[in-house]
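Printed here is entry_33.cif (mmCIF, C-alpha atoms and all ligand atoms):
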```cif
data_start
loop_
_atom_site.label_atom_id
_atom_site.label_comp_id
_atom_site.auth_asym_id
_atom_site.auth_seq_id
_atom_site.Cartn_x
_atom_site.Cartn_y
_atom_site.Cartn_z
CA MET A 1 -2.55 3.47 62.98
CA HIS A 2 -1.07 0.02 63.49
CA ARG A 3 -0.39 -1.68 60.22
CA ARG A 4 -2.67 -4.62 60.97
CA ASN A 5 -5.49 -2.23 61.89
CA PHE A 6 -4.91 -0.24 58.73
CA LEU A 7 -5.20 -3.38 56.65
CA ARG A 8 -8.28 -4.51 58.50
CA ASN A 9 -9.93 -1.10 58.27
CA SER A 10 -9.14 -0.64 54.63
CA GLY A 11 -10.13 -4.17 53.77
CA MET A 12 -6.84 -4.53 51.91
CA GLY A 13 -5.46 -7.43 53.88
CA LEU A 14 -7.53 -9.57 51.54
CA ALA A 15 -7.25 -9.68 47.79
CA ALA A 16 -7.01 -5.98 46.98
CA TRP A 17 -8.49 -6.36 43.51
CA SER A 18 -11.76 -7.79 44.70
CA VAL A 19 -14.51 -5.24 45.28
CA MET A 20 -14.85 -4.60 48.99
CA PRO A 21 -18.36 -3.36 49.79
CA HIS A 22 -17.30 -0.82 52.41
CA GLN A 23 -14.50 0.49 50.17
CA LEU A 24 -16.74 1.09 47.25
CA SER A 25 -19.95 2.39 48.72
CA ALA A 26 -20.34 5.03 45.99
CA PHE A 27 -19.84 2.28 43.45
CA ASP A 28 -22.55 0.13 44.97
CA HIS A 29 -24.80 3.13 45.31
CA VAL A 30 -24.64 4.12 41.62
CA ILE A 31 -24.96 0.56 40.39
CA SER A 32 -27.91 -0.25 42.62
CA ASP A 33 -29.59 3.06 41.69
CA LEU A 34 -29.16 2.29 37.99
CA HIS A 35 -30.51 -1.22 38.42
CA ALA A 36 -33.43 -0.02 40.51
CA TYR A 37 -34.34 2.65 37.97
CA ALA A 38 -33.91 0.40 34.93
CA SER A 39 -35.74 -2.61 36.37
CA SER A 40 -39.12 -0.91 36.28
CA ARG A 41 -38.75 0.52 32.77
CA GLN A 42 -38.53 -0.66 29.20
CA HIS A 43 -34.87 -0.89 28.24
CA ALA A 44 -35.33 0.81 24.86
CA LEU A 45 -36.89 3.87 26.50
CA LEU A 46 -33.86 4.44 28.74
CA VAL A 47 -31.88 5.81 25.79
CA GLU A 48 -33.82 9.07 25.90
CA ASP A 49 -34.62 9.09 29.61
CA GLU A 50 -32.66 11.97 31.12
CA ALA A 51 -33.51 10.91 34.67
CA TYR A 52 -31.60 7.66 34.08
CA TRP A 53 -28.59 9.48 32.60
CA ASN A 54 -28.64 11.91 35.50
CA ILE A 55 -27.92 8.93 37.75
CA VAL A 56 -25.07 7.88 35.45
CA ARG A 57 -23.74 11.45 35.58
CA THR A 58 -23.40 11.28 39.37
CA ALA A 59 -20.65 8.71 38.87
CA PHE A 60 -18.42 11.14 36.92
CA ARG A 61 -16.86 14.11 38.69
CA ARG A 62 -16.26 16.92 36.21
CA GLU A 63 -14.43 20.19 36.68
CA GLY A 64 -14.10 23.28 34.48
CA ASN A 65 -16.56 25.82 33.26
CA TYR A 66 -17.17 24.34 29.83
CA ILE A 67 -19.04 21.55 28.06
CA ASN A 68 -16.64 18.73 27.22
CA LEU A 69 -17.45 17.28 23.82
CA GLU A 70 -13.91 15.97 23.26
CA ASN A 71 -14.17 12.56 24.85
CA GLY A 72 -12.32 10.72 22.11
CA TYR A 73 -8.84 11.30 23.55
CA PHE A 74 -9.44 9.28 26.68
CA SER A 75 -12.24 8.79 29.14
CA PRO A 76 -12.41 9.92 32.73
CA GLN A 77 -13.02 7.05 35.10
CA ALA A 78 -16.26 6.74 36.95
CA GLU A 79 -15.62 7.85 40.54
CA PRO A 80 -16.01 4.36 41.99
CA VAL A 81 -13.39 2.98 39.60
CA LEU A 82 -11.07 5.88 40.42
CA LEU A 83 -11.61 5.24 44.11
CA SER A 84 -10.72 1.57 43.85
CA THR A 85 -7.63 2.46 41.80
CA GLN A 86 -6.47 4.92 44.42
CA ARG A 87 -6.98 2.33 47.12
CA ASN A 88 -5.04 -0.24 45.16
CA ALA A 89 -2.22 2.28 44.62
CA ALA A 90 -2.12 2.84 48.38
CA TYR A 91 -2.12 -0.91 48.97
CA ILE A 92 0.77 -1.48 46.56
CA ASN A 93 2.65 1.35 48.21
CA ALA A 94 2.05 -0.15 51.64
CA THR A 95 3.09 -3.68 50.64
CA SER A 96 5.75 -2.66 48.06
CA SER A 97 8.10 -5.52 47.09
CA HIS A 98 5.93 -8.07 48.84
CA PHE A 99 3.11 -7.15 46.49
CA MET A 100 5.39 -7.26 43.46
CA ARG A 101 6.92 -10.61 44.40
CA ARG A 102 3.92 -12.41 45.84
CA GLU A 103 0.70 -10.80 44.58
CA GLN A 104 1.19 -9.02 41.28
CA GLU A 105 0.98 -12.17 39.20
CA GLN A 106 -2.42 -13.05 40.64
CA ALA A 107 -3.60 -9.45 40.15
CA ILE A 108 -2.60 -9.55 36.47
CA GLU A 109 -4.27 -12.93 35.92
CA THR A 110 -7.49 -11.71 37.57
CA ALA A 111 -7.55 -8.70 35.22
CA ARG A 112 -6.75 -10.88 32.21
CA THR A 113 -9.55 -13.34 33.00
CA ALA A 114 -12.11 -10.56 33.51
CA LEU A 115 -11.15 -8.82 30.26
CA ALA A 116 -11.11 -12.07 28.25
CA ASP A 117 -14.60 -12.85 29.49
CA PHE A 118 -15.77 -9.34 28.57
CA LEU A 119 -14.28 -9.58 25.06
CA GLY A 120 -15.42 -13.16 24.45
CA VAL A 121 -11.94 -14.57 23.88
CA ASP A 122 -9.67 -17.16 25.47
CA ALA A 123 -7.41 -15.54 28.08
CA ALA A 124 -4.46 -17.46 26.59
CA GLY A 125 -4.44 -15.03 23.64
CA LEU A 126 -4.76 -11.82 25.63
CA ALA A 127 -1.84 -9.65 26.76
CA LEU A 128 -2.26 -6.59 28.98
CA THR A 129 -0.23 -3.72 27.55
CA ARG A 130 -0.15 0.04 28.23
CA ASN A 131 -2.20 1.19 25.23
CA THR A 132 -3.02 0.64 21.54
CA THR A 133 0.19 2.35 20.47
CA GLU A 134 2.29 -0.17 22.36
CA SER A 135 0.17 -3.14 21.25
CA LEU A 136 0.34 -2.35 17.56
CA ASN A 137 3.93 -1.08 17.54
CA THR A 138 4.91 -4.42 19.06
CA VAL A 139 3.22 -6.24 16.19
CA ILE A 140 4.48 -3.93 13.44
CA ALA A 141 8.07 -3.95 14.71
CA GLY A 142 8.08 -7.63 15.69
CA PHE A 143 6.52 -9.15 12.57
CA PRO A 144 8.84 -11.55 10.68
CA TRP A 145 9.18 -9.23 7.68
CA GLN A 146 11.11 -10.12 4.55
CA ARG A 147 12.40 -7.66 1.99
CA GLY A 148 9.77 -7.17 -0.73
CA ASP A 149 6.76 -7.86 1.52
CA GLU A 150 3.72 -5.60 1.16
CA VAL A 151 1.38 -4.08 3.73
CA VAL A 152 -2.09 -2.72 3.01
CA ASN A 153 -3.39 -0.03 5.35
CA GLY A 154 -6.02 2.74 5.16
CA ASN A 155 -5.74 6.46 4.45
CA GLN A 156 -7.53 7.34 7.70
CA ASP A 157 -5.57 5.07 10.03
CA TYR A 158 -4.16 6.54 13.23
CA GLY A 159 -0.92 8.54 12.90
CA SER A 160 1.15 6.41 15.32
CA MET A 161 0.44 3.28 13.32
CA ASN A 162 1.32 5.02 10.04
CA GLU A 163 4.61 6.14 11.55
CA ALA A 164 5.31 2.66 12.93
CA PHE A 165 4.82 1.23 9.43
CA GLU A 166 6.99 3.95 7.85
CA GLN A 167 9.82 3.38 10.30
CA ASN A 168 9.76 -0.40 10.01
CA ALA A 169 9.43 -0.26 6.21
CA LEU A 170 12.74 1.61 6.17
CA ARG A 171 14.25 -0.92 8.54
CA TYR A 172 13.00 -4.16 6.99
CA GLY A 173 12.39 -3.25 3.35
CA PHE A 174 8.64 -3.86 3.01
CA SER A 175 6.39 -1.50 1.07
CA MET A 176 3.03 0.10 1.80
CA LYS A 177 -0.17 0.30 -0.23
CA THR A 178 -2.83 2.59 1.18
CA ALA A 179 -6.56 2.15 0.59
CA ALA A 180 -8.64 5.29 -0.05
CA VAL A 181 -11.58 4.76 2.30
CA PRO A 182 -14.53 6.88 1.11
CA LEU A 183 -15.61 9.63 3.50
CA LEU A 184 -19.31 8.90 2.96
CA PRO A 185 -19.54 5.41 1.46
CA GLN A 186 -22.64 4.23 -0.36
CA GLY A 187 -22.25 0.65 0.85
CA ASP A 188 -19.86 -1.92 2.30
CA GLU A 189 -18.74 -3.11 -1.12
CA GLU A 190 -17.16 0.27 -1.89
CA ILE A 191 -15.01 0.03 1.26
CA VAL A 192 -14.19 -3.66 0.78
CA GLN A 193 -12.99 -2.98 -2.76
CA ALA A 194 -10.85 -0.03 -1.68
CA TYR A 195 -8.80 -2.61 0.24
CA THR A 196 -9.08 -5.76 -1.86
CA ARG A 197 -7.88 -4.08 -5.04
CA LEU A 198 -4.54 -3.63 -3.24
CA ILE A 199 -4.18 -7.19 -1.92
CA SER A 200 -1.71 -9.38 -3.82
CA GLY A 201 0.32 -12.52 -3.27
CA LYS A 202 2.99 -10.30 -1.68
CA THR A 203 0.67 -8.86 0.98
CA ARG A 204 1.77 -10.05 4.42
CA MET A 205 -0.29 -7.73 6.62
CA LEU A 206 -3.63 -5.93 6.32
CA HIS A 207 -4.09 -3.15 8.87
CA LEU A 208 -7.65 -1.95 9.53
CA THR A 209 -8.99 0.75 11.85
CA HIS A 210 -12.35 -0.52 13.07
CA LEU A 211 -13.69 2.86 14.12
CA ILE A 212 -11.92 5.78 12.45
CA ASN A 213 -11.03 8.33 15.11
CA LEU A 214 -11.04 11.28 12.67
CA SER A 215 -14.68 10.95 11.69
CA GLY A 216 -16.29 8.20 13.75
CA GLN A 217 -16.88 6.08 10.65
CA LEU A 218 -17.11 2.36 11.30
CA ILE A 219 -15.68 0.08 8.63
CA PRO A 220 -16.79 -3.52 7.93
CA VAL A 221 -13.59 -5.20 9.13
CA ALA A 222 -14.88 -8.78 9.01
CA LYS A 223 -16.05 -8.38 5.39
CA ILE A 224 -12.74 -6.79 4.37
CA ALA A 225 -10.78 -9.53 6.16
CA ARG A 226 -12.82 -12.29 4.50
CA ALA A 227 -12.55 -10.81 1.00
CA SER A 228 -8.82 -10.20 1.42
CA ARG A 229 -8.15 -13.75 2.63
CA ALA A 230 -10.03 -15.04 -0.40
CA ILE A 231 -7.27 -13.42 -2.49
CA ASN A 232 -4.36 -14.26 -0.18
CA PRO A 233 -5.16 -16.74 2.63
CA GLY A 234 -1.81 -16.14 4.37
CA ILE A 235 -2.25 -12.47 5.27
CA CYS A 236 -2.21 -11.36 8.88
CA VAL A 237 -5.23 -9.13 9.58
CA VAL A 238 -4.40 -6.58 12.30
CA VAL A 239 -7.20 -4.44 13.71
CA ASP A 240 -6.88 -1.17 15.60
CA ALA A 241 -9.94 -1.30 17.86
CA ALA A 242 -8.94 1.64 20.08
CA HIS A 243 -12.36 3.27 19.82
CA SER A 244 -14.71 0.38 19.28
CA ILE A 245 -13.96 -1.78 22.34
CA ALA A 246 -16.58 -1.03 25.02
CA GLN A 247 -18.25 1.59 22.86
CA LEU A 248 -19.92 -0.72 20.35
CA ASN A 249 -21.81 -3.88 21.10
CA PHE A 250 -19.76 -6.72 19.63
CA ARG A 251 -17.52 -9.58 20.73
CA LEU A 252 -13.92 -9.64 19.56
CA PRO A 253 -14.16 -12.84 17.44
CA GLU A 254 -16.78 -11.10 15.27
CA LEU A 255 -13.98 -8.98 13.79
CA GLU A 256 -12.44 -12.13 12.21
CA ALA A 257 -9.01 -10.63 12.85
CA ASP A 258 -5.69 -12.34 13.56
CA ILE A 259 -4.54 -9.63 15.93
CA VAL A 260 -6.38 -6.80 17.74
CA GLY A 261 -4.99 -3.89 19.75
CA ALA A 262 -6.97 -1.45 21.90
CA SER A 263 -6.73 0.99 24.81
CA LEU A 264 -8.82 0.41 27.91
CA HIS A 265 -8.66 4.08 28.98
CA LYS A 266 -10.95 5.09 26.13
CA TRP A 267 -14.45 3.62 26.20
CA LEU A 268 -13.99 1.07 28.98
CA CYS A 269 -13.25 4.10 31.21
CA ASN A 270 -10.33 2.33 32.88
CA PRO A 271 -7.53 4.48 34.31
CA LEU A 272 -4.85 5.70 31.90
CA GLY A 273 -2.11 3.28 31.03
CA ALA A 274 -3.85 0.01 30.25
CA GLY A 275 -4.32 -1.56 26.87
CA MET A 276 -4.74 -4.96 25.31
CA LEU A 277 -3.19 -7.06 22.60
CA TRP A 278 -5.08 -10.12 21.48
CA MET A 279 -3.59 -12.65 19.07
CA LYS A 280 -4.69 -15.88 17.50
CA GLN A 281 -2.52 -18.57 19.06
CA GLU A 282 -0.68 -19.33 15.80
CA TRP A 283 0.78 -15.79 15.64
CA ILE A 284 2.22 -15.73 19.17
CA PRO A 285 5.44 -17.68 18.42
CA ARG A 286 5.93 -15.74 15.15
CA ILE A 287 5.87 -12.14 16.39
CA TRP A 288 8.85 -10.82 18.36
CA PRO A 289 8.02 -9.03 21.61
CA LEU A 290 9.24 -5.43 21.93
CA MET A 291 11.09 -6.20 25.18
CA GLY A 292 13.29 -9.29 25.42
CA ASP A 293 11.71 -12.07 27.44
CA THR A 294 13.39 -15.33 26.54
CA GLY A 295 12.41 -16.75 29.93
CA ILE A 296 8.83 -17.13 28.74
CA ALA A 297 7.87 -19.85 26.26
CA PRO A 298 7.51 -18.51 22.68
CA ASP A 299 3.86 -19.57 22.53
CA ASN A 300 2.93 -17.77 25.77
CA ILE A 301 1.07 -14.45 25.32
CA ARG A 302 2.68 -13.14 28.52
CA ARG A 303 5.91 -12.56 26.61
CA TYR A 304 4.34 -9.30 25.36
CA GLU A 305 3.87 -8.01 28.91
CA HIS A 306 7.46 -7.51 29.98
CA GLN A 307 7.55 -3.81 30.88
CA GLY A 308 9.68 -3.88 34.00
CA THR A 309 8.28 -2.41 37.21
CA ARG A 310 5.05 -0.55 36.55
CA PRO A 311 1.87 0.78 38.23
CA LEU A 312 -0.24 -2.35 38.65
CA GLN A 313 -3.23 -0.46 40.04
CA ASN A 314 -4.10 0.48 36.45
CA LEU A 315 -4.54 -3.18 35.59
CA MET A 316 -6.18 -4.14 38.88
CA SER A 317 -8.92 -1.64 38.04
CA ILE A 318 -9.96 -3.55 34.90
CA PRO A 319 -12.54 -5.79 36.66
CA HIS A 320 -13.99 -2.68 38.33
CA ALA A 321 -14.18 -0.77 35.05
CA ILE A 322 -15.94 -3.77 33.48
CA ALA A 323 -18.37 -3.98 36.42
CA PHE A 324 -19.25 -0.30 36.06
CA HIS A 325 -19.59 -0.66 32.29
CA ARG A 326 -21.91 -3.66 32.75
CA SER A 327 -24.12 -1.73 35.13
CA ILE A 328 -25.23 0.17 32.00
CA GLY A 329 -24.40 -2.45 29.40
CA THR A 330 -22.77 -2.02 26.00
CA GLU A 331 -26.03 -2.15 24.09
CA LEU A 332 -27.56 0.76 26.00
CA LYS A 333 -24.27 2.68 26.03
CA GLU A 334 -23.93 2.39 22.25
CA ALA A 335 -27.55 3.37 21.71
CA ARG A 336 -27.30 6.41 24.00
CA LEU A 337 -24.05 7.68 22.45
CA LYS A 338 -25.47 7.29 18.93
CA PHE A 339 -28.68 9.00 19.99
CA LEU A 340 -26.70 12.03 21.19
CA MET A 341 -24.56 12.05 18.04
CA LYS A 342 -27.60 11.82 15.73
CA ARG A 343 -29.44 14.57 17.56
CA TRP A 344 -26.80 17.20 16.79
CA ALA A 345 -25.73 15.71 13.43
CA ALA A 346 -29.30 15.79 12.09
CA ALA A 347 -29.53 19.48 13.01
CA ALA A 348 -26.09 20.23 11.55
CA ALA A 349 -26.93 18.46 8.28
CA GLU A 350 -29.76 20.99 7.76
CA LEU A 351 -27.45 23.99 8.08
CA PRO A 352 -26.16 25.13 4.67
CA ALA A 353 -22.76 26.33 5.95
CA LEU A 354 -21.91 22.98 7.54
CA ARG A 355 -20.52 19.82 5.93
CA MET A 356 -20.92 16.54 7.78
CA GLN A 357 -17.73 14.44 7.52
CA THR A 358 -19.36 11.31 8.93
CA PRO A 359 -21.95 8.86 7.55
CA TRP A 360 -24.05 9.83 10.57
CA ASN A 361 -27.37 8.49 9.27
CA SER A 362 -26.14 5.26 7.63
CA GLU A 363 -27.02 2.31 9.83
CA GLY A 364 -23.95 0.33 10.94
CA ARG A 365 -21.49 2.96 9.76
CA ASN A 366 -21.27 5.34 12.73
CA SER A 367 -20.63 5.71 16.44
CA ALA A 368 -20.53 8.33 19.22
CA ILE A 369 -18.02 10.37 17.25
CA ALA A 370 -18.90 12.63 14.32
CA THR A 371 -17.08 15.47 12.61
CA VAL A 372 -18.46 18.59 10.98
CA GLY A 373 -16.75 21.13 8.73
CA HIS A 374 -17.71 24.72 7.90
CA GLU A 375 -17.73 26.31 4.44
CA SER A 376 -15.82 29.44 5.49
CA LEU A 377 -14.20 28.64 8.83
CA SER A 378 -11.17 26.38 9.17
CA PRO A 379 -11.54 23.51 11.67
CA GLY A 380 -9.23 25.41 14.04
CA GLN A 381 -11.30 28.59 13.77
CA LEU A 382 -14.56 26.74 14.34
CA ALA A 383 -13.18 24.88 17.38
CA GLN A 384 -11.85 28.15 18.78
CA LEU A 385 -15.20 29.94 18.33
CA LEU A 386 -17.08 27.05 19.92
CA PHE A 387 -14.87 27.37 22.96
CA ASP A 388 -14.48 31.13 23.18
CA LYS A 389 -18.09 32.06 22.42
CA HIS A 390 -20.00 29.04 23.68
CA LYS A 391 -17.73 27.31 26.19
CA ILE A 392 -17.87 24.07 24.22
CA PHE A 393 -14.64 22.09 24.09
CA THR A 394 -14.02 20.08 20.89
CA VAL A 395 -11.01 19.26 18.73
CA ALA A 396 -10.11 20.46 15.23
CA ILE A 397 -9.30 17.74 12.69
CA GLU A 398 -7.06 18.89 9.82
CA HIS A 399 -6.49 15.81 7.71
CA PRO A 400 -6.23 15.33 3.93
CA VAL A 401 -9.57 13.47 3.96
CA VAL A 402 -11.40 14.69 7.06
CA ARG A 403 -11.62 18.42 7.87
CA GLY A 404 -13.81 19.69 10.64
CA VAL A 405 -14.49 19.79 14.32
CA ARG A 406 -14.77 16.40 15.99
CA ILE A 407 -17.59 16.09 18.48
CA THR A 408 -17.54 13.23 20.97
CA PRO A 409 -20.18 13.03 23.70
CA HIS A 410 -19.83 10.75 26.72
CA LEU A 411 -22.12 8.95 29.13
CA TYR A 412 -22.22 12.08 31.27
CA THR A 413 -23.27 14.32 28.36
CA SER A 414 -26.78 15.70 28.81
CA LEU A 415 -29.36 16.47 26.18
CA GLY A 416 -29.08 20.13 27.22
CA GLU A 417 -25.37 20.12 26.38
CA VAL A 418 -26.03 18.64 22.94
CA ASP A 419 -28.71 21.27 22.37
CA ALA A 420 -26.23 23.97 23.37
CA LEU A 421 -23.93 22.61 20.64
CA ILE A 422 -26.73 22.77 18.07
CA LYS A 423 -27.39 26.39 19.00
CA ALA A 424 -23.68 27.19 18.76
CA LEU A 425 -23.32 25.53 15.35
CA LYS A 426 -26.16 27.69 14.03
CA ASN A 427 -24.21 30.78 14.94
CA PRO A 428 -20.58 29.95 15.80
CA ALA A 429 -19.48 33.59 16.01
CA GLY A 430 -22.16 34.13 18.62
CA PHE A 431 -23.63 37.35 17.25
C1 LIG A 501 -7.83 4.83 16.12
C2 LIG A 501 -6.81 5.03 17.20
N1 LIG A 501 -5.81 4.16 17.31
C3 LIG A 501 -4.87 4.28 18.25
C4 LIG A 501 -4.91 5.32 19.15
C5 LIG A 501 -3.82 5.42 20.17
O1 LIG A 501 -4.30 5.20 21.46
P1 LIG A 501 -3.30 5.30 22.68
O2 LIG A 501 -2.75 6.69 22.69
O3 LIG A 501 -4.14 4.99 23.86
O4 LIG A 501 -2.22 4.30 22.43
C6 LIG A 501 -5.92 6.26 19.09
C7 LIG A 501 -5.97 7.38 20.02
O5 LIG A 501 -6.80 8.25 19.97
C8 LIG A 501 -6.91 6.11 18.08
O6 LIG A 501 -7.89 6.99 17.95
#
```

Using structure tokens, write down the structure that the file contains.
Ligand SMILES: Cc1ncc(COP(=O)(O)O)c(C=O)c1O
Amino acid sequence: MHRRNFLRNSGMGLAAWSVMPHQLSAFDHVISDLHAYASSRQHALLVEDEAYWNIVRTAFRREGNYINLENGYFSPQAEPVLLSTQRNAAYINATSSHFMRREQEQAIETARTALADFLGVDAAGLALTRNTTESLNTVIAGFPWQRGDEVVNGNQDYGSMNEAFEQNALRYGFSMKTAAVPLLPQGDEEIVQAYTRLISGKTRMLHLTHLINLSGQLIPVAKIARASRAINPGICVVVDAAHSIAQLNFRLPELEADIVGASLHKWLCNPLGAGMLWMKQEWIPRIWPLMGDTGIAPDNIRRYEHQGTRPLQNLMSIPHAIAFHRSIGTELKEARLKFLMKRWAAAAAELPALRMQTPWNSEGRNSAIATVGHESLSPGQLAQLLFDKHKIFTVAIEHPVVRGVRITPHLYTSLGEVDALIKALKNPAGF
């Protein structure tokens, strides 16, 4: 095919990151079906309406003869988002250096603007990274540490962040104080105090995990941040929001953080390899980027985006992932995921051999994710039995605080699949 014809036929001669109707017919189809179905019904009733979720399910192609209840690692993309990403990859391949030299900047800015609007922040504070690990390692390694500084983190923070702190503590001579977050807290005050009792005049950074990946517990980050600043107003509050962005219905400023890192391939269902780093303007000139970029002004957030040549299609997909997400909406998504979690957790809580590791029935303290332990089976044994005997895929969590099998449903999870889990938990060995 002649190149001009190819471009015309594929619709890629125009801005490749805009949604072309004929490129994304499946996309339009699912979105319009969802709108059509939802428009004639009460929003609150959709949470339990399997016919609605069956439409959502058509957007996710799944393979494998098992029920996937391990959706906390990363999310598959909805087919329409995948399709647009593949088309953008083909477009970049076809235009190669011309794209990189003439179009990539606009593609990045389009993604940045869309994401900033979604998060409710100014685009000037938002960098597009590869994932949470990169975002928060940049901050932990690039912070202007001084020997004798202190950091307060939590005992259920993500391993990569703990290791980043350990490594940089050795390098720069700061010390760590770790808050013991209760597994099943009675109230916010208990969690707030676990942190604030460690804050001192020497504390430079407070690191909080908004939604704990081990158990699905949500912690009151804004309250902790406020109470900690009342003790030491100068601390930098850094939030790991890997699991909460696009799963829970909030806007970023509500966290009252100085810095937030997240991955967009988790609950935004963007392709793998896109993350975000948001900073309050005052921190941008103070935190060293991981990669040298002295060509960019020290107060410009783009200095955290220097990664060399990289696959831009994973950023160009961000507006599409947001559009798909909005076709359901965060409020309904959160409500549905919690509904599925509570359905199995309520049944598990009644079973004497099981131990819930998540405050699953405490309002404001939970999410899609919940973890359950067994009195006589190790987490590994329980996960293995669930897979071998019931074809249910989960993940075993062996942690000093949280021990059990982590269950994470997704938008494509049916009520029938959750009920299959309940049945399996009643008799894991399948006799
Ligand atoms: C709480 C938390 N933080 C950070 C990460 C790291 O995310 P990524 O591997 O996308 O950098 C994860 C991954 O599961 C996580 O659960």

Between A:Phe431, A:Trp267, A:Phe250, A:Trp53, which residue has the minimum interatomic distance to ligand LIG 501 (chain A), considering all atoms listed in the file?
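Smallest distance to ligand LIG 501 (chain A) is found for A:Trp267.
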
Give the padded box for ligand LIG 501 (chain A) as JSON: axis-aligned, covering all atoms listed in the file, 6 Å on each side, centre and edge lengths in Å to one decimal.
```
{"center_x": -5.1, "center_y": 6.2, "center_z": 20.0, "size_x": 17.7, "size_y": 16.1, "size_z": 19.7}
```

Report the closest atom pair, with its distance in Å rounded to one decimal, for each residue of chain A that has an atom no farther than 9 Å from ligand LIG 501 (chain A); count all atoms listed in the file, sort by chain and then rising residue number, and write it as a Markdown table.
```
| residue | atom | partner | partner_atom | distance |
| --- | --- | --- | --- | --- |
| A:Gly72 | CA | A:LIG501 | O5 | 6.4 |
| A:Tyr73 | CA | A:LIG501 | O5 | 5.1 |
| A:Phe74 | CA | A:LIG501 | O5 | 7.3 |
| A:Arg130 | CA | A:LIG501 | O4 | 7.5 |
| A:Asn131 | CA | A:LIG501 | O4 | 4.2 |
| A:Thr132 | CA | A:LIG501 | O4 | 3.9 |
| A:Thr133 | CA | A:LIG501 | O4 | 3.7 |
| A:Glu134 | CA | A:LIG501 | O4 | 6.4 |
| A:Ser135 | CA | A:LIG501 | O4 | 7.9 |
| A:Leu136 | CA | A:LIG501 | C3 | 8.5 |
| A:Gln156 | CA | A:LIG501 | C1 | 8.8 |
| A:Asp157 | CA | A:LIG501 | C1 | 6.5 |
| A:Tyr158 | CA | A:LIG501 | C1 | 5.0 |
| A:Gly159 | CA | A:LIG501 | C3 | 7.9 |
| A:Ser160 | CA | A:LIG501 | C5 | 7.0 |
| A:Met161 | CA | A:LIG501 | C3 | 7.3 |
| A:Thr209 | CA | A:LIG501 | C1 | 6.0 |
| A:His210 | CA | A:LIG501 | C1 | 7.6 |
| A:Leu211 | CA | A:LIG501 | C1 | 6.5 |
| A:Ile212 | CA | A:LIG501 | C1 | 5.6 |
| A:Asn213 | CA | A:LIG501 | O6 | 4.4 |
| A:Leu214 | CA | A:LIG501 | O6 | 7.5 |
| A:Asp240 | CA | A:LIG501 | N1 | 5.7 |
| A:Ala241 | CA | A:LIG501 | C1 | 6.7 |
| A:Ala242 | CA | A:LIG501 | N1 | 4.9 |
| A:His243 | CA | A:LIG501 | C1 | 6.1 |
| A:Ser244 | CA | A:LIG501 | C1 | 8.8 |
| A:Gly261 | CA | A:LIG501 | C3 | 8.3 |
| A:Ala262 | CA | A:LIG501 | C3 | 7.1 |
| A:Ser263 | CA | A:LIG501 | O3 | 4.9 |
| A:Leu264 | CA | A:LIG501 | O3 | 7.7 |
| A:His265 | CA | A:LIG501 | O3 | 6.9 |
| A:Lys266 | CA | A:LIG501 | O3 | 7.2 |
| A:Leu272 | CA | A:LIG501 | O3 | 8.1 |
| A:Gly273 | CA | A:LIG501 | O3 | 7.6 |
| A:Ala274 | CA | A:LIG501 | O3 | 8.1 |
| A:Gly275 | CA | A:LIG501 | O3 | 7.2 |
```

What separation in Å, quoted to one decimal, exists between atom CA of Asp49 of chain A and atom CA of Ile31 of chain A?
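Calculated distance between atom CA of Asp49 of chain A and atom CA of Ile31 of chain A is 16.8 Å.
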
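If you look at atom CA of Lys338 of chain A and atom CA of Asp258 of chain A, they are 28.4 Å away from each other.
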
Show which residues sit within 10 Å of Leu34 of chain A, as number ranges by chain. Count all atoms listed in the file, and ignore same-chain residues fewer than 4 positions away.
A: 28-30, 38-39, 52-56, 327-328

Could you check the closest approach to Ala78 of chain A for each of A:His325, A:Lys333, A:Arg406, A:Arg286 and tell me which residue wins, using all atoms listed in the file?
A:His325

Contacts of Gln186 of chain A within 10 Å, all atoms listed in the file, excl. fewer than 4 positions in-chain, as a PyMOL selection string:
chain A and resi 182+190-191+359+362

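Closest approach to Ala429 of chain A among A:Glu417, A:Asp388, A:Glu79, A:Asp117 is made by A:Asp388 (distances from all atoms listed in the file).
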